[in-house]
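Everything below concerns the one structure shown next.
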Amino acid sequence: MAMEEEVFSHDLLIVGAGLAGMRAAIAAGEGLDVAIVSKLHPVRSHSGAAQGGIAASLGNSDEEDSWETHMFDTVKGSDYLGDQDAIEMMVKDAPGVIYELEHMGCVFTRMDDGRVAQRRFGGHSKPRACFAADWTGHTILQVLYEQIMKRRVRVYEEWYMVSLIVRDNVCRGIVAYDIDQGKLCVIRAKAVLFATGGYGRAFKITSNAHANSGDGIIATYRAGIPLEDMEFVQFHPTGLWRQGILVSEGARGEGAYILNNDGERFMTNYAPEMMELAPRDLTSRAIQTEINEGRGIGGQDYVYIDLRHLGKERILERLPQIHDLAYDFTGVDCFEEPIPIQPTAHYSMGGIPCTMEGQVTCDPGNTPIKGFFAAGECSCVSVHGANRLGTNSLLEAVVFGRRAGTAASEYAKGEVLPELPDDANQPAREEIEWVLNNQGSESVMAIKDDLQTSMMENCGIFRTEEQLKSQLATISKLRERFSKVKIDDKGRRFNTDLIGALELSRLLEFSDIIVTGAVARQECRGSHYRTDHPKRDDENWLKHTLAYRTDDGPRLEYKPVTITTYQPEERKY
(Lines give C-alpha, C1' and ligand atoms only; values in the text may rest on other atoms or scores of the structure.)
Protein backbone atom coordinates (compact mmCIF):
# COMPACT_ATOMS: atom_id res chain seq x y z
CA MET A 1 0.00 0.00 0.00
CA ALA A 2 1.50 3.35 -1.05
CA MET A 3 2.02 5.92 1.65
CA GLU A 4 -0.36 8.89 1.56
CA GLU A 5 1.33 12.27 1.32
CA GLU A 6 0.23 15.88 1.86
CA VAL A 7 1.87 19.31 1.67
CA PHE A 8 1.31 22.10 4.21
CA SER A 9 2.69 25.65 4.34
CA HIS A 10 3.39 28.12 7.16
CA ASP A 11 5.37 31.32 7.64
CA LEU A 12 7.25 30.01 10.68
CA LEU A 13 7.49 26.33 11.56
CA ILE A 14 8.83 25.33 14.98
CA VAL A 15 9.82 21.72 15.62
CA GLY A 16 9.58 20.89 19.33
CA ALA A 17 7.11 22.08 21.96
CA GLY A 18 9.19 22.37 25.12
CA LEU A 19 10.19 25.66 26.74
CA ALA A 20 12.36 26.85 23.84
CA GLY A 21 9.84 25.94 21.14
CA MET A 22 6.78 27.44 22.82
CA ARG A 23 8.67 30.56 23.89
CA ALA A 24 9.75 31.01 20.27
CA ALA A 25 6.14 30.71 19.10
CA ILE A 26 5.06 33.38 21.60
CA ALA A 27 7.89 35.69 20.46
CA ALA A 28 6.74 35.50 16.84
CA GLY A 29 3.95 37.95 17.67
CA GLU A 30 0.92 38.85 15.58
CA GLY A 31 0.48 38.67 11.82
CA LEU A 32 2.45 35.49 11.12
CA ASP A 33 1.15 32.00 10.43
CA VAL A 34 3.05 30.05 13.11
CA ALA A 35 2.86 26.30 13.63
CA ILE A 36 4.56 23.78 15.94
CA VAL A 37 5.36 20.15 15.12
CA SER A 38 5.77 17.90 18.16
CA LYS A 39 6.00 14.13 18.51
CA LEU A 40 4.35 14.55 21.94
CA HIS A 41 1.53 16.61 23.35
CA PRO A 42 3.29 19.89 24.30
CA VAL A 43 2.85 19.54 28.07
CA ARG A 44 4.51 16.12 27.91
CA SER A 45 7.70 17.73 26.57
CA HIS A 46 10.82 16.90 28.55
CA SER A 47 11.16 20.49 29.84
CA GLY A 48 8.47 19.45 32.32
CA ALA A 49 10.95 17.11 34.04
CA ALA A 50 13.19 20.00 35.09
CA GLN A 51 12.76 20.31 38.84
CA GLY A 52 15.07 22.62 40.71
CA GLY A 53 14.92 26.11 39.25
CA ILE A 54 15.79 28.76 36.67
CA ALA A 55 18.77 31.07 37.29
CA ALA A 56 18.65 34.88 37.52
CA SER A 57 20.63 37.41 39.56
CA LEU A 58 17.58 38.98 41.20
CA GLY A 59 19.46 39.44 44.46
CA ASN A 60 16.45 38.48 46.56
CA SER A 61 18.42 36.15 48.83
CA ASP A 62 21.77 37.93 48.47
CA GLU A 63 21.76 41.59 47.53
CA GLU A 64 25.37 41.39 46.36
CA ASP A 65 24.47 39.10 43.44
CA SER A 66 24.89 40.59 39.95
CA TRP A 67 24.88 39.57 36.29
CA GLU A 68 28.67 39.86 36.35
CA THR A 69 28.89 37.26 39.13
CA HIS A 70 26.41 35.00 37.30
CA MET A 71 28.51 35.38 34.15
CA PHE A 72 31.77 34.46 35.89
CA ASP A 73 30.19 31.43 37.57
CA THR A 74 28.88 30.24 34.18
CA VAL A 75 32.19 30.80 32.37
CA LYS A 76 34.11 29.00 35.12
CA GLY A 77 31.52 26.22 35.22
CA SER A 78 31.89 25.74 31.46
CA ASP A 79 35.62 25.04 32.02
CA TYR A 80 36.21 28.12 29.87
CA LEU A 81 34.75 26.53 26.72
CA GLY A 82 31.57 28.65 26.83
CA ASP A 83 31.39 31.62 24.42
CA GLN A 84 31.52 34.63 26.71
CA ASP A 85 29.56 37.03 24.49
CA ALA A 86 26.60 34.61 24.49
CA ILE A 87 26.91 33.98 28.23
CA GLU A 88 26.87 37.73 28.93
CA MET A 89 23.73 38.15 26.84
CA MET A 90 21.98 35.28 28.63
CA VAL A 91 22.74 36.43 32.19
CA LYS A 92 21.79 40.03 31.41
CA ASP A 93 18.44 38.86 30.02
CA ALA A 94 17.79 36.56 33.00
CA PRO A 95 16.07 38.87 35.54
CA GLY A 96 13.66 40.23 32.91
CA VAL A 97 12.80 36.68 31.85
CA ILE A 98 11.76 35.77 35.42
CA TYR A 99 9.47 38.80 35.73
CA GLU A 100 8.05 38.09 32.29
CA LEU A 101 7.21 34.49 33.26
CA GLU A 102 5.75 35.74 36.53
CA HIS A 103 3.47 38.14 34.66
CA MET A 104 2.36 35.31 32.37
CA GLY A 105 1.19 33.47 35.49
CA CYS A 106 4.12 31.31 36.62
CA VAL A 107 3.63 30.61 40.32
CA PHE A 108 7.12 30.77 41.81
CA THR A 109 7.75 29.85 45.44
CA ARG A 110 7.85 33.04 47.56
CA MET A 111 9.85 34.51 50.40
CA ASP A 112 7.97 35.75 53.46
CA ASP A 113 7.90 39.30 52.02
CA GLY A 114 6.33 38.10 48.75
CA ARG A 115 9.41 38.26 46.53
CA VAL A 116 10.46 35.26 44.38
CA ALA A 117 12.42 32.80 46.55
CA GLN A 118 15.93 31.83 45.49
CA ARG A 119 18.11 28.91 46.57
CA ARG A 120 21.67 27.70 46.09
CA PHE A 121 22.68 25.48 43.17
CA GLY A 122 25.88 23.73 42.20
CA GLY A 123 28.62 25.92 40.80
CA HIS A 124 26.77 29.16 41.58
CA SER A 125 28.45 31.38 44.19
CA LYS A 126 25.12 33.03 45.10
CA PRO A 127 21.57 31.73 45.67
CA ARG A 128 19.96 32.60 42.30
CA ALA A 129 17.74 29.61 41.46
CA CYS A 130 14.13 30.82 41.16
CA PHE A 131 11.83 27.84 41.68
CA ALA A 132 8.31 26.53 42.01
CA ALA A 133 8.92 23.88 44.72
CA ASP A 134 10.53 21.08 42.64
CA TRP A 135 8.10 21.42 39.74
CA THR A 136 9.78 24.41 38.07
CA GLY A 137 9.99 23.13 34.48
CA HIS A 138 6.49 21.66 34.70
CA THR A 139 5.08 24.95 35.98
CA ILE A 140 6.70 27.08 33.27
CA LEU A 141 5.68 24.56 30.58
CA GLN A 142 2.01 24.82 31.59
CA VAL A 143 2.17 28.62 31.53
CA LEU A 144 3.72 28.74 28.06
CA TYR A 145 1.18 26.23 26.76
CA GLU A 146 -1.60 28.51 27.95
CA GLN A 147 0.04 31.34 26.03
CA ILE A 148 0.27 29.47 22.72
CA MET A 149 -3.35 28.35 23.09
CA LYS A 150 -4.32 31.98 23.71
CA ARG A 151 -2.55 32.88 20.44
CA ARG A 152 -4.17 29.97 18.58
CA VAL A 153 -0.84 28.57 17.42
CA ARG A 154 -1.39 25.50 15.24
CA VAL A 155 0.14 22.39 16.83
CA TYR A 156 0.78 19.24 14.79
CA GLU A 157 0.65 16.93 17.79
CA GLU A 158 2.17 13.44 17.64
CA TRP A 159 3.95 14.10 14.37
CA TYR A 160 7.47 12.71 13.95
CA MET A 161 9.93 14.93 12.08
CA VAL A 162 11.88 12.66 9.73
CA SER A 163 14.05 15.01 7.66
CA LEU A 164 15.02 18.62 7.02
CA ILE A 165 14.86 20.12 3.53
CA VAL A 166 17.94 22.26 2.79
CA ARG A 167 19.05 23.20 -0.72
CA ASP A 168 21.73 25.76 -1.68
CA ASN A 169 22.18 26.79 1.97
CA VAL A 170 18.48 27.68 2.23
CA CYS A 171 16.11 25.81 4.57
CA ARG A 172 12.81 25.13 2.80
CA GLY A 173 10.88 23.01 5.30
CA ILE A 174 10.68 19.55 6.82
CA VAL A 175 9.23 16.13 6.11
CA ALA A 176 7.15 14.74 8.98
CA TYR A 177 5.19 11.57 9.67
CA ASP A 178 1.67 11.96 11.05
CA ILE A 179 1.79 9.10 13.55
CA ASP A 180 -1.98 8.89 14.04
CA GLN A 181 -2.92 8.88 10.37
CA GLY A 182 0.15 7.11 9.00
CA LYS A 183 0.80 9.82 6.44
CA LEU A 184 4.06 11.35 5.28
CA CYS A 185 3.71 15.13 5.00
CA VAL A 186 5.89 17.90 3.64
CA ILE A 187 5.65 21.19 5.54
CA ARG A 188 7.30 24.10 3.78
CA ALA A 189 7.99 27.33 5.58
CA LYS A 190 9.71 30.67 5.18
CA ALA A 191 11.63 29.91 8.38
CA VAL A 192 12.15 26.70 10.36
CA LEU A 193 13.20 26.69 14.03
CA PHE A 194 14.41 23.51 15.73
CA ALA A 195 13.79 23.17 19.49
CA THR A 196 13.94 19.38 19.58
CA GLY A 197 15.75 18.84 22.88
CA GLY A 198 18.65 16.63 23.92
CA TYR A 199 19.99 13.16 23.23
CA GLY A 200 20.54 11.42 26.58
CA ARG A 201 18.80 8.21 25.49
CA ALA A 202 22.09 6.90 24.10
CA PHE A 203 22.95 5.89 27.70
CA LYS A 204 21.54 3.10 29.86
CA ILE A 205 21.11 5.20 33.02
CA THR A 206 19.59 8.55 32.05
CA SER A 207 17.20 11.16 33.39
CA ASN A 208 15.98 11.78 29.83
CA ALA A 209 12.53 10.89 28.56
CA HIS A 210 12.24 8.13 25.94
CA ALA A 211 11.48 10.85 23.38
CA ASN A 212 15.00 12.37 23.68
CA SER A 213 16.44 10.50 20.73
CA GLY A 214 18.27 13.30 18.89
CA ASP A 215 15.82 13.60 15.99
CA GLY A 216 16.56 17.28 15.36
CA ILE A 217 20.33 17.08 15.54
CA ILE A 218 20.49 14.12 13.15
CA ALA A 219 18.06 15.72 10.68
CA THR A 220 20.43 18.70 10.72
CA TYR A 221 23.52 16.50 10.34
CA ARG A 222 22.01 14.55 7.46
CA ALA A 223 21.21 17.83 5.71
CA GLY A 224 24.94 18.59 5.54
CA ILE A 225 25.22 20.89 8.56
CA PRO A 226 27.88 20.11 11.20
CA LEU A 227 27.23 19.48 14.89
CA GLU A 228 29.22 21.23 17.62
CA ASP A 229 30.88 19.88 20.78
CA MET A 230 28.97 16.59 20.81
CA GLU A 231 31.55 14.88 23.05
CA PHE A 232 30.35 16.93 26.03
CA VAL A 233 27.51 15.00 27.72
CA GLN A 234 26.68 15.92 31.30
CA PHE A 235 26.06 13.29 33.98
CA HIS A 236 23.86 14.61 36.76
CA PRO A 237 25.27 13.47 40.11
CA THR A 238 21.98 12.37 41.66
CA GLY A 239 19.73 10.04 39.71
CA LEU A 240 17.64 7.39 41.44
CA TRP A 241 19.63 4.16 41.59
CA ARG A 242 19.00 1.91 38.56
CA GLN A 243 16.22 4.22 37.36
CA GLY A 244 18.16 7.34 36.38
CA ILE A 245 15.15 9.50 37.31
CA LEU A 246 16.29 12.91 38.48
CA VAL A 247 16.72 13.78 42.15
CA SER A 248 16.81 17.55 41.79
CA GLU A 249 19.93 19.54 42.59
CA GLY A 250 17.40 21.62 44.50
CA ALA A 251 17.65 18.94 47.21
CA ARG A 252 21.31 19.84 47.76
CA GLY A 253 20.39 23.52 47.38
CA GLU A 254 18.09 23.04 50.38
CA GLY A 255 20.93 21.39 52.32
CA ALA A 256 20.85 17.63 51.57
CA TYR A 257 24.03 15.62 52.17
CA ILE A 258 25.70 13.02 49.94
CA LEU A 259 27.07 10.08 51.95
CA ASN A 260 29.22 7.02 51.20
CA ASN A 261 29.15 3.61 52.88
CA ASP A 262 31.08 5.00 55.87
CA GLY A 263 28.44 7.69 56.44
CA GLU A 264 31.01 10.28 55.33
CA ARG A 265 30.13 13.53 53.51
CA PHE A 266 32.91 12.70 51.11
CA MET A 267 32.65 15.90 49.02
CA THR A 268 34.95 17.42 51.62
CA ASN A 269 37.73 15.47 49.85
CA TYR A 270 36.85 16.77 46.38
CA ALA A 271 35.42 20.29 46.75
CA PRO A 272 35.94 21.43 50.34
CA GLU A 273 34.64 24.96 49.76
CA MET A 274 31.40 24.10 47.95
CA MET A 275 30.86 20.51 49.16
CA GLU A 276 27.64 19.07 47.67
CA LEU A 277 27.13 22.28 45.68
CA ALA A 278 30.19 21.83 43.48
CA PRO A 279 29.53 21.77 39.70
CA ARG A 280 27.93 18.66 38.30
CA ASP A 281 30.95 17.30 36.44
CA LEU A 282 33.08 17.40 39.58
CA THR A 283 30.36 15.98 41.84
CA SER A 284 29.54 13.14 39.42
CA ARG A 285 33.21 12.16 39.22
CA ALA A 286 33.45 12.23 43.00
CA ILE A 287 30.46 9.90 43.39
CA GLN A 288 31.71 7.55 40.68
CA THR A 289 35.17 7.49 42.28
CA GLU A 290 33.67 6.53 45.65
CA ILE A 291 31.73 3.72 43.93
CA ASN A 292 34.75 2.54 41.89
CA GLU A 293 36.95 2.45 45.00
CA GLY A 294 34.47 0.30 46.92
CA ARG A 295 32.81 2.94 49.10
CA GLY A 296 29.38 2.64 47.55
CA ILE A 297 26.63 1.52 49.92
CA GLY A 298 27.35 -2.10 50.78
CA GLY A 299 30.01 -2.09 48.06
CA GLN A 300 27.33 -1.60 45.41
CA ASP A 301 27.09 1.01 42.61
CA TYR A 302 25.27 3.74 44.53
CA VAL A 303 25.65 6.21 47.39
CA TYR A 304 23.06 8.05 49.49
CA ILE A 305 21.53 11.49 49.34
CA ASP A 306 20.16 12.29 52.79
CA LEU A 307 17.28 14.75 53.31
CA ARG A 308 16.15 13.57 56.74
CA HIS A 309 17.65 16.49 58.66
CA LEU A 310 15.64 18.96 56.53
CA GLY A 311 12.46 17.80 58.22
CA LYS A 312 9.12 16.66 56.80
CA GLU A 313 7.62 20.15 56.62
CA ARG A 314 10.43 21.62 54.55
CA ILE A 315 10.62 18.60 52.25
CA LEU A 316 6.87 18.80 51.54
CA GLU A 317 7.11 22.56 50.94
CA ARG A 318 10.22 22.63 48.76
CA LEU A 319 10.80 19.06 47.46
CA PRO A 320 7.45 17.21 47.34
CA GLN A 321 8.14 15.57 43.97
CA ILE A 322 11.45 14.14 45.19
CA HIS A 323 9.65 12.48 48.09
CA ASP A 324 7.06 10.95 45.76
CA LEU A 325 9.53 9.79 43.10
CA ALA A 326 11.83 8.17 45.67
CA TYR A 327 8.90 6.39 47.30
CA ASP A 328 7.23 5.29 44.05
CA PHE A 329 10.37 4.05 42.28
CA THR A 330 12.64 2.80 45.09
CA GLY A 331 10.26 2.32 48.03
CA VAL A 332 12.26 4.80 50.14
CA ASP A 333 10.49 7.30 52.39
CA CYS A 334 12.99 10.17 52.44
CA PHE A 335 11.51 11.48 55.73
CA GLU A 336 12.89 8.33 57.37
CA GLU A 337 15.67 6.97 55.09
CA PRO A 338 18.36 8.31 52.72
CA ILE A 339 17.73 7.88 48.97
CA PRO A 340 20.00 5.60 46.90
CA ILE A 341 21.47 7.56 43.97
CA GLN A 342 24.03 7.25 41.17
CA PRO A 343 25.15 9.57 38.35
CA THR A 344 22.76 9.66 35.38
CA ALA A 345 23.23 10.89 31.80
CA HIS A 346 21.39 14.17 31.84
CA TYR A 347 22.20 17.02 29.47
CA SER A 348 23.73 17.64 26.06
CA MET A 349 26.09 20.62 25.93
CA GLY A 350 26.66 20.07 22.21
CA GLY A 351 24.25 20.38 19.31
CA ILE A 352 23.39 22.51 16.29
CA PRO A 353 25.80 25.47 15.94
CA CYS A 354 24.01 28.82 16.00
CA THR A 355 24.45 32.50 16.78
CA MET A 356 23.03 34.39 19.76
CA GLU A 357 19.92 35.06 17.65
CA GLY A 358 19.46 31.37 16.91
CA GLN A 359 20.71 31.57 13.30
CA VAL A 360 22.13 28.16 12.37
CA THR A 361 25.64 28.22 10.91
CA CYS A 362 27.53 25.63 8.89
CA ASP A 363 31.29 26.20 9.19
CA PRO A 364 34.05 27.70 11.38
CA GLY A 365 33.37 31.08 9.73
CA ASN A 366 29.72 30.95 10.92
CA THR A 367 28.20 31.00 7.41
CA PRO A 368 24.42 31.04 7.95
CA ILE A 369 21.87 28.54 6.66
CA LYS A 370 19.16 30.95 5.50
CA GLY A 371 15.79 30.40 7.11
CA PHE A 372 17.04 27.88 9.68
CA PHE A 373 17.15 28.62 13.42
CA ALA A 374 17.65 26.60 16.62
CA ALA A 375 17.18 27.09 20.36
CA GLY A 376 17.28 25.12 23.60
CA GLU A 377 19.13 21.89 24.29
CA CYS A 378 19.38 20.83 20.62
CA SER A 379 21.37 24.00 19.89
CA CYS A 380 24.93 24.99 20.76
CA VAL A 381 25.22 28.76 21.25
CA SER A 382 27.53 27.90 23.30
CA VAL A 383 26.62 29.13 26.79
CA HIS A 384 27.42 25.88 28.62
CA GLY A 385 30.76 24.99 27.08
CA ALA A 386 32.10 21.75 28.54
CA ASN A 387 29.78 21.67 31.59
CA ARG A 388 26.41 23.26 32.30
CA LEU A 389 25.55 24.79 35.66
CA GLY A 390 22.21 23.71 37.10
CA THR A 391 19.30 26.15 36.44
CA ASN A 392 21.02 27.58 33.36
CA SER A 393 19.19 25.15 31.05
CA LEU A 394 15.69 26.52 31.65
CA LEU A 395 17.21 29.99 31.41
CA GLU A 396 18.86 29.19 28.08
CA ALA A 397 15.64 27.67 26.71
CA VAL A 398 13.55 30.73 27.54
CA VAL A 399 16.14 33.42 26.70
CA PHE A 400 17.24 31.95 23.39
CA GLY A 401 13.80 30.58 22.55
CA ARG A 402 12.58 34.17 22.67
CA ARG A 403 15.57 35.52 20.74
CA ALA A 404 15.43 32.84 18.06
CA GLY A 405 11.65 33.19 17.74
CA THR A 406 12.00 36.94 17.24
CA ALA A 407 14.80 36.56 14.68
CA ALA A 408 13.04 33.77 12.77
CA SER A 409 9.79 35.72 12.57
CA GLU A 410 11.60 38.85 11.37
CA TYR A 411 13.30 36.77 8.69
CA ALA A 412 10.01 35.18 7.63
CA LYS A 413 8.32 38.56 7.23
CA GLY A 414 10.73 39.48 4.46
CA GLU A 415 10.54 36.20 2.53
CA VAL A 416 8.21 34.34 0.19
CA LEU A 417 7.51 30.64 0.59
CA PRO A 418 10.47 28.78 -0.90
CA GLU A 419 10.14 26.36 -3.78
CA LEU A 420 10.29 22.70 -2.82
CA PRO A 421 12.68 20.42 -4.68
CA ASP A 422 11.03 17.56 -6.55
CA ASP A 423 12.67 14.99 -4.29
CA ALA A 424 11.88 16.81 -1.01
CA ASN A 425 10.29 13.79 0.64
CA GLN A 426 12.29 11.05 -1.07
CA PRO A 427 14.88 10.33 1.68
CA ALA A 428 12.17 10.19 4.37
CA ARG A 429 9.86 8.02 2.27
CA GLU A 430 12.67 5.60 1.38
CA GLU A 431 13.77 5.34 5.03
CA ILE A 432 10.25 4.56 6.27
CA GLU A 433 9.57 2.04 3.49
CA TRP A 434 12.88 0.33 4.20
CA VAL A 435 12.04 -0.08 7.90
CA LEU A 436 8.54 -1.36 7.14
CA ASN A 437 9.67 -3.85 4.50
CA ASN A 438 13.05 -5.04 5.80
CA GLN A 439 13.06 -8.79 6.39
CA GLY A 440 15.92 -9.15 8.87
CA SER A 441 16.16 -10.99 12.17
CA GLU A 442 17.43 -8.31 14.57
CA SER A 443 15.24 -6.60 17.16
CA VAL A 444 15.20 -2.85 17.80
CA MET A 445 15.17 -3.32 21.58
CA ALA A 446 18.16 -5.70 21.61
CA ILE A 447 20.33 -3.34 19.55
CA LYS A 448 19.22 -0.33 21.60
CA ASP A 449 20.00 -2.07 24.89
CA ASP A 450 23.48 -3.06 23.68
CA LEU A 451 24.15 0.51 22.52
CA GLN A 452 23.02 2.07 25.80
CA THR A 453 24.93 -0.41 27.97
CA SER A 454 28.15 -0.05 25.99
CA MET A 455 27.95 3.78 25.87
CA MET A 456 27.56 3.82 29.65
CA GLU A 457 30.61 1.56 30.09
CA ASN A 458 32.94 3.05 27.47
CA CYS A 459 31.90 6.68 27.01
CA GLY A 460 30.63 7.63 30.45
CA ILE A 461 32.02 9.77 33.25
CA PHE A 462 35.59 8.43 32.87
CA ARG A 463 37.01 7.73 29.42
CA THR A 464 40.19 6.30 27.88
CA GLU A 465 41.34 5.99 24.29
CA GLU A 466 41.15 2.21 24.53
CA GLN A 467 37.54 2.31 25.75
CA LEU A 468 36.48 4.90 23.19
CA LYS A 469 38.02 3.06 20.23
CA SER A 470 36.38 -0.13 21.45
CA GLN A 471 33.08 1.75 21.52
CA LEU A 472 33.54 2.95 17.93
CA ALA A 473 33.98 -0.70 16.89
CA THR A 474 30.88 -1.64 18.91
CA ILE A 475 28.79 1.07 17.24
CA SER A 476 29.97 -0.10 13.81
CA LYS A 477 28.83 -3.64 14.63
CA LEU A 478 25.50 -2.35 15.99
CA ARG A 479 24.89 -0.38 12.79
CA GLU A 480 25.58 -3.52 10.79
CA ARG A 481 23.04 -5.35 12.96
CA PHE A 482 20.58 -2.50 12.38
CA SER A 483 20.77 -3.18 8.64
CA LYS A 484 19.14 -6.53 9.46
CA VAL A 485 16.44 -5.12 11.74
CA LYS A 486 12.84 -6.28 11.52
CA ILE A 487 9.73 -4.80 13.10
CA ASP A 488 6.55 -6.74 13.79
CA ASP A 489 3.98 -4.04 13.04
CA LYS A 490 3.72 -3.42 9.29
CA GLY A 491 0.77 -1.06 9.53
CA ARG A 492 0.74 2.67 8.87
CA ARG A 493 -1.29 4.15 11.73
CA PHE A 494 0.20 4.67 15.17
CA ASN A 495 3.06 2.31 14.44
CA THR A 496 5.29 2.68 17.49
CA ASP A 497 7.56 -0.10 16.17
CA LEU A 498 8.32 2.10 13.17
CA ILE A 499 9.02 5.18 15.30
CA GLY A 500 11.26 3.13 17.60
CA ALA A 501 13.35 1.93 14.64
CA LEU A 502 13.68 5.46 13.24
CA GLU A 503 14.77 6.73 16.67
CA LEU A 504 17.33 3.92 17.00
CA SER A 505 18.97 4.85 13.69
CA ARG A 506 19.45 8.36 15.07
CA LEU A 507 20.79 7.11 18.41
CA LEU A 508 23.39 5.04 16.58
CA GLU A 509 24.44 7.93 14.35
CA PHE A 510 24.90 10.58 17.01
CA SER A 511 26.60 8.11 19.38
CA ASP A 512 29.23 7.71 16.68
CA ILE A 513 29.72 11.51 16.67
CA ILE A 514 29.99 11.69 20.48
CA VAL A 515 32.65 8.98 20.60
CA THR A 516 34.60 10.26 17.58
CA GLY A 517 34.87 13.71 19.17
CA ALA A 518 35.85 12.14 22.52
CA VAL A 519 38.65 10.07 20.94
CA ALA A 520 40.10 13.17 19.28
CA ARG A 521 39.94 15.45 22.35
CA GLN A 522 43.03 14.40 24.31
CA GLU A 523 42.44 16.35 27.51
CA CYS A 524 40.11 16.66 30.49
CA ARG A 525 37.61 19.51 30.25
CA GLY A 526 34.29 19.71 32.08
CA SER A 527 32.17 16.63 31.45
CA HIS A 528 34.80 15.09 29.14
CA TYR A 529 37.27 13.36 31.45
CA ARG A 530 40.10 11.36 29.86
CA THR A 531 42.00 9.45 32.53
CA ASP A 532 44.81 8.87 29.99
CA HIS A 533 45.11 12.66 29.46
CA PRO A 534 44.34 13.92 32.99
CA LYS A 535 44.95 17.65 32.48
CA ARG A 536 43.09 20.44 30.72
CA ASP A 537 45.12 21.50 27.67
CA ASP A 538 44.27 25.08 26.70
CA GLU A 539 47.16 25.31 24.26
CA ASN A 540 45.78 22.54 22.02
CA TRP A 541 42.12 22.12 22.97
CA LEU A 542 40.61 25.49 23.89
CA LYS A 543 38.38 25.21 20.82
CA HIS A 544 34.97 23.97 19.70
CA THR A 545 34.59 20.72 17.75
CA LEU A 546 32.59 20.67 14.51
CA ALA A 547 31.59 17.23 13.17
CA TYR A 548 30.62 16.86 9.50
CA ARG A 549 28.89 13.84 7.99
CA THR A 550 30.82 11.81 5.43
CA ASP A 551 30.51 8.30 3.99
CA ASP A 552 33.48 7.32 6.19
CA GLY A 553 31.99 8.67 9.42
CA PRO A 554 32.31 12.05 11.15
CA ARG A 555 34.98 14.45 9.89
CA LEU A 556 36.16 16.89 12.55
CA GLU A 557 37.07 20.56 12.24
CA TYR A 558 37.49 23.15 14.97
CA LYS A 559 36.64 26.80 15.64
CA PRO A 560 37.79 29.23 18.33
CA VAL A 561 36.08 29.94 21.65
CA THR A 562 34.91 33.54 22.10
CA ILE A 563 36.75 35.00 25.13
CA THR A 564 35.82 38.58 26.07
CA THR A 565 36.29 39.16 29.80
CA TYR A 566 37.62 36.16 31.71
CA GLN A 567 40.87 34.46 30.76
CA PRO A 568 41.06 30.71 31.40
CA GLU A 569 42.38 29.68 34.81
CA GLU A 570 42.35 26.50 36.88
CA ARG A 571 38.94 25.59 38.29
CA LYS A 572 38.93 25.20 42.06
CA TYR A 573 35.90 24.78 44.31
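Ligands are numbered from 1 in the order shown, chains are lettered A, B, ... in the order of the C-alpha coordinates, and residues start at 1 in each chain.
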I'd like the neighbourhood of Thr464 in chain A as number ranges by chain, where a residue qualifies if any of its atoms comes within 8 Å (using only C-alpha atoms), though same-chain residues fewer than 4 positions away should be ignored. A: 458, 468, 530-532
For the structure I just gave you, how does DSSP split range 251-354 of chain A - specifically, which residues are helix (DSSP H, G or I)? Reply as a PyMOL selection string. chain A and resi 251-253+266-269+275-277+280-292+297-299+308-310+312-318+320-330
Contact residues around Gly311 in chain A with only C-alpha atoms at 8 Å, ignoring same-chain residues under 4 positions, as a VMD selection string: chain A and resid 307 315 335
In Å to one decimal, how far is CA of Ser454 in chain A from CA of Ile487 in chain A?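 Going from CA of Ile487 in chain A over to CA of Ser454 in chain A, I get 23.0 Å.
When the distance limit is 8 Å and only C-alpha atoms are what count, the residues near Ser505 in chain A, minus those fewer than 4 positions from it on the same chain, are Arg479, Phe482, Ala501 and Glu509 of chain A.
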Asp65 in chain A proximity check over A:Thr220, A:Thr453, A:Gln118, A:Thr545, using only C-alpha atoms: winner is A:Gln118
Just want the 12 Å neighbourhood of Gly18 in chain A, counted on only C-alpha atoms, with same-chain residues fewer than 6 positions away dropped. Output as a VMD selection string. chain A and resid 24 to 25 36 to 50 137 to 145 148 194 to 198 211 to 212 375 to 378 393 to 394 397 to 398 401
Please identify which residues in range 127-161 of chain A DSSP calls strand (DSSP E) from the backbone, and express them as a list in words.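 Assigned to strand (DSSP E), within range 127-161 of chain A: Ala129, Cys130, Arg154, Val155, Tyr156, Glu157, Trp159, Tyr160 and Met161 of chain A.
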Closest of A:Val519, A:Tyr566, A:Tyr548, A:Val444 to Glu466 in chain A - atom-to-atom distances counting only C-alpha atoms: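 Distance minimum relative to Glu466 in chain A lands on A:Val519.
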Report, in Å to a single decimal, how far apart CA of Ser125 in chain A and CA of Trp541 in chain A are.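 Distance between the two atoms: 26.9 Å.
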Neighbours of range 476-478 of chain A within 9 Å (only C-alpha atoms; same-chain residues fewer than 2 positions away dropped), as a PyMOL selection string? chain A and resi 447-448+450-451+471-474+480-483+508+512
So which residues touch range 269-272 of chain A within 7 Å, counting only C-alpha atoms, skipping near sequence neighbours fewer than 3 positions away, as a PyMOL selection string? chain A and resi 266+275+278+286+573
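For the atom pair formed by CA of Pro320 in chain A and CA of Cys106 in chain A, the distance is 18.0 Å, given to one decimal.
The residue that comes closest to Arg119 in chain A, out of A:Thr330, A:Ser9, A:Asn208, A:Thr391 and on the basis of only C-alpha atoms, is A:Thr391.
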Which is closer to Arg463 in chain A than all the others in A:Glu231, A:Ala407, A:Ala345, A:Glu415, using only C-alpha atoms? A:Glu231
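Considering only C-alpha atoms, the residue among A:Val561, A:Val75, A:Leu277, A:Ile245 positioned nearest to Gly390 in chain A is A:Leu277.
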